[in-house]
Amino acid sequence: MTETSTNDDATDRRLRLLIGLVVVAALITTAGWVLYLLHNPGPLPAPWALALLSVAVVAANRLKVSVRIRSSLDGTTWGEVPVLVGLVLFPAPWVVLCSVAGVTALKIFARQGSLKTVFAAAKEALTASAAGLVFLVAGVRPDMLEPSFAPLAIVAALAAFTLVDNVVFVPVMAVNTQTSVRLAALKNSKRKLLGFLGQLAASLLVAGLLAAEANMLLLLVVPLVVACMHLWQSRSARTREERESWQRLAKATDELNAVDLTQVLHAATTRAAQIFSAAEATIDVTAGGARRTVRATESHVLTDGPLLTAPPQRDEKSVDLVAHDGGMRVGVLRLGFGGAVRLTEVEQYKLRTFASAVCTAIRNAQAYAELARIAAENEYAATHDPLTGLANRRRLYEHAGDLYQSTDQAGLFALLLIDLNHFKEVNDTLGHAAGDDVLREVAGRLSDAAAEGDLVARLGGDEFAVLMTGLPTPALATHRATSMLTSLDASIEVEGMQITVDAAGGIALAAGSGGVEELMRRADIAMYQAKRTGEPTAIYVHARDTADLERLMLTGDLRRAVAEHEFAVEFQPIVDLGSGEVVSAEALARWRHPAQGSLTPVQFLETVERSGQLPAFADAVLEQSLIAMQTWREAGFDLPVAVNVSPRSLLDPKFPATVLARLARHDVPANRLTLELAETLTISQLDVVERALAELRNAGVRLAIDDFGTGVSSLSVLSRIPVHQLKIDREFVAAVETSAEASAVIRTTVDLARNLHLTVVAEGVESEPQRRALWELGCLAGQGHLFARPYSAARFLAALQRGSGGRPGVLAAALHDAGAVVRMPVRRAGGTGRSSLPHLPA
């Protein structure tokens, strides 16, 4: 409010100064005319004629084509006509005095205030004097009885009148509207161009009739002509103003098509002041998170800050910001004109239209801001650990990948992998809440100890990593790592107890490591080396790497194996334990190595994962599996296939799209594919792969947990991944007949799956007693050498067609026929009628 008062006071002072200068100039000019009369005495014009001229001035100035500027009405009048005609009939001093008298009387009668009255009288004195001087210089002798017709003098006098009017009025208008003199002059000249032409025509017409000594009755036609010209000029001016106003509204609407709320509010307020010729416009945003007030003139923003609840001003026009469809009110638009203003019906409609556009723009900007905020939160959550706020595994991999690709990296970089020793004891003794406190404290200390530019991450559980950058020498990596681990030496107070954190760190230099995965592997090897030796840190040394030469040789052969299709897929049937019917198949990859023979995934998968060839390998396995499915389906056996997937594949953001594209290419429904995940997934891996698994599951792909029960976090994994199937590890199946513990694990798994509406498959079924025991425990499906070994796709189809006991698609006799009493599961609707196992891809 102080700023507004200061600005208003400054504007008022400048305005009064300008008006004062105009009045002084008018007084000097009037005094000059008085002196002129004293030195050039002549016959006094008839009083009635002077009175008639004054009345004509009043009447002409009443005919005004008005344009509102803020709270003032301004426009063109016909006041020049009586002045120019009067100069033909009377001496210039008397014309000036009559003009001033007429304008003064008009302003007093209209009660426009002393300041406006004085300014109007002074301006009239200056403009009439300019026209009179032109007539004097041109030598035109005024005469009521024999007036002369001087068209050039009339044109020059009108031009002088208009020029002085602009010189006097434009600066005052610029100060009053707080715009530049150039813009004010431009607006004024556009508005008065038609008026100039009309006044010139009327002046020439009257002067011509008087000079021609025409019938005086013809002068009665002059008011009618002037009235028609006035109506035409008024209509033209209104039409032009309306057109320009709607054009400004359309342009303003285009400017509102922005997504930044500040840009929208600033454009809306400045354009509102311009469109409605207001002194200032204010928008109060009352809905959404950004409650703010923005105030602006048509040229610049005055204030932008928190919402102000100022009382409405008396002469203020306001409209609610509501869209055409109703809906929520987002705020209010207030227009201040600096005085009393009455908006026309068209202006009111225009104001409502503009308010609706502003409302829509604000709502769109707020929605975009909310979406951007949610996206930023999701992006942050996707790359940061929710417990500690550190970067997570994904962010670490991305940053390390960027460093590998960077060509202007200053110095070396290395990875420090940190594992907290005996942290499980903290969780077991004090509970997970205390363990979380410890992890947060460790995260804080590592962040504080990290050098500028280092990235500290939590990989999951009690495992942390630090990507150390800008290392001038390799030796500095060990020094920096030691400093970071030293920061953990001080005890941590948890629930009143002092806990000492012991940690081991492994360091791997990026130079020569070949990639992020290999860098992580080397740091992991170094960390376990530190644990074995009892040292706080150890740096990776190639000679200590436990990987054998055979693995290194396989790494070199991988690219050739992918290019020459040395990877093959075999399929092992999954059988309904009760009926012996084949209900699904599991795809098992094999590497037909030209020198080492057939290699199983146990022998080569780790090498594939660390070589960078995993995407091509996974794609080849999936492609062969889908081709096999098509072949079987064409032969009458529509069986789903389960394919093992590496957690590292799920780290690839392109993996879900690749799988779905392959399914679409082969016209295979998504629910006919099951992806088997290792149950030994760590929680840190789950943080990264959850999004990929959700995308696949939402598309219809089924998920299974392989080797269920062997990991340390079975229920944790199951609660995080919404799977369809559990696979019981072969170790439990092998001991089902002899071990009560194994039977209990299987029974618990079956009960858990039943409660969660999941299917269960037992792996490694080798004998009929195992099959029967599993069936009696409620397990409905199994796979193993009892039914078939892994086959190629063609041999698998031949086995299906051959069947057992004359029944295609069946690989074992039904348990029902053996006469044993077995516990039968509840059949699901839609079964085949031959199998007691619910359809796996339901």
# chains A, B, ... in the order shown; residues from 1 in each chain; ligands from 1
$ residues_around --residues "range 88-95 of chain A" --least-positions-apart "4" --cutoff "10 Å" --atoms "only C-alpha atoms" --output "PyMOL selection string"
chain A and resi 30-37+42-46+49-50+53-54+57+82-84+99-101+125+128-136+140-150+153-154+207+210-211
$ select_by_dssp --residues "range 335-417 of chain A" --states "strand (DSSP E)" --output "PyMOL selection string"
chain A and resi 335-336+412-417
$ closest_residue --among "A:Val501, A:Arg363, A:Leu446, A:Leu650" --to "Val426 in chain A" --atoms "only C-alpha atoms"
A:Val501
$ residues_around --residues "Glu695 in chain A" --least-positions-apart "5" --cutoff "10 Å" --atoms "only C-alpha atoms" --output "PyMOL selection string"
chain A and resi 656-657+660+690+700-701
$ write_last_selection --atoms "N, CA, C and O atoms" --output "tab-separated table (two decimals), in the first residue's frame"
chain	number	residue	atom	x	y	z
A	656	PRO	N	11.00	-54.35	-20.50
A	656	PRO	CA	9.56	-54.64	-20.63
A	656	PRO	C	9.05	-54.40	-22.04
A	656	PRO	O	8.29	-55.21	-22.57
A	657	ALA	N	9.45	-53.30	-22.65
A	657	ALA	CA	8.98	-53.01	-24.00
A	657	ALA	C	9.47	-54.05	-25.00
A	657	ALA	O	8.74	-54.43	-25.92
A	660	LEU	N	7.26	-57.25	-24.57
A	660	LEU	CA	5.91	-57.07	-25.10
A	660	LEU	C	5.93	-56.98	-26.63
A	660	LEU	O	5.01	-57.46	-27.30
A	690	GLU	N	11.05	-53.25	-9.34
A	690	GLU	CA	9.60	-53.23	-9.10
A	690	GLU	C	8.84	-52.58	-10.24
A	690	GLU	O	7.79	-53.07	-10.67
A	700	GLY	N	-0.18	-58.24	-18.56
A	700	GLY	CA	-0.70	-59.60	-18.58
A	700	GLY	C	0.33	-60.68	-18.42
A	700	GLY	O	-0.01	-61.87	-18.29
A	701	VAL	N	1.62	-60.34	-18.46
A	701	VAL	CA	2.68	-61.35	-18.30
A	701	VAL	C	2.63	-61.89	-16.87
A	701	VAL	O	2.49	-61.13	-15.91
$ residues_around --residues "Pro615 in chain A" --least-positions-apart "4" --cutoff "9 Å" --atoms "only C-alpha atoms" --output "list of chain:residue names"
A:Glu609, A:Asp619, A:Ala620, A:Ser649, A:Asp652, A:Phe655
$ write_last_selection --atoms "N, CA, C and O atoms" --output "mmCIF file, in the first residue's frame"
data_model
loop_
_atom_site.group_PDB
_atom_site.id
_atom_site.type_symbol
_atom_site.label_atom_id
_atom_site.label_comp_id
_atom_site.auth_asym_id
_atom_site.auth_seq_id
_atom_site.Cartn_x
_atom_site.Cartn_y
_atom_site.Cartn_z
ATOM 1 N N GLU A 609 26.048 -62.004 -17.781
ATOM 2 C CA GLU A 609 25.550 -60.814 -17.080
ATOM 3 C C GLU A 609 26.600 -59.724 -16.982
ATOM 4 O O GLU A 609 26.295 -58.532 -17.049
ATOM 5 N N ASP A 619 17.125 -61.812 -25.302
ATOM 6 C CA ASP A 619 16.249 -61.689 -26.462
ATOM 7 C C ASP A 619 16.259 -62.964 -27.288
ATOM 8 O O ASP A 619 15.222 -63.406 -27.797
ATOM 9 N N ALA A 620 17.434 -63.608 -27.420
ATOM 10 C CA ALA A 620 17.527 -64.846 -28.192
ATOM 11 C C ALA A 620 16.738 -65.967 -27.525
ATOM 12 O O ALA A 620 16.042 -66.751 -28.189
ATOM 13 N N SER A 649 18.532 -57.996 -16.131
ATOM 14 C CA SER A 649 17.694 -57.644 -17.281
ATOM 15 C C SER A 649 16.634 -56.633 -16.871
ATOM 16 O O SER A 649 16.287 -55.722 -17.635
ATOM 17 N N ASP A 652 17.360 -52.967 -16.999
ATOM 18 C CA ASP A 652 17.327 -52.305 -18.296
ATOM 19 C C ASP A 652 15.937 -51.721 -18.521
ATOM 20 O O ASP A 652 14.957 -52.455 -18.589
ATOM 21 N N PHE A 655 13.718 -53.347 -21.219
ATOM 22 C CA PHE A 655 13.387 -54.760 -21.186
ATOM 23 C C PHE A 655 11.879 -55.015 -21.292
ATOM 24 O O PHE A 655 11.456 -55.860 -22.106
#
$ closest_residue --among "A:Ala290, A:Leu307, A:Ala642, A:Val765" --to "Ala735 in chain A" --atoms "only C-alpha atoms"
A:Val765
$ residues_around --residues "Ala561 in chain A" --least-positions-apart "2" --cutoff "12 Å" --atoms "only C-alpha atoms" --output "PyMOL selection string"
chain A and resi 554-559+563-568+590-595+604+608+613+616-617+620
$ residues_around --residues "Gly534 in chain A" --least-positions-apart "6" --cutoff "10 Å" --atoms "only C-alpha atoms" --output "number ranges by chain"
A: 503-504, 528
$ select_by_dssp --residues "range 253-478 of chain A" --states "helix (DSSP H, G or I)" --output "NGL selection string"
:A and (253-255 or 261-275 or 345-383 or 393-405 or 423-430 or 432-449 or 475-478)
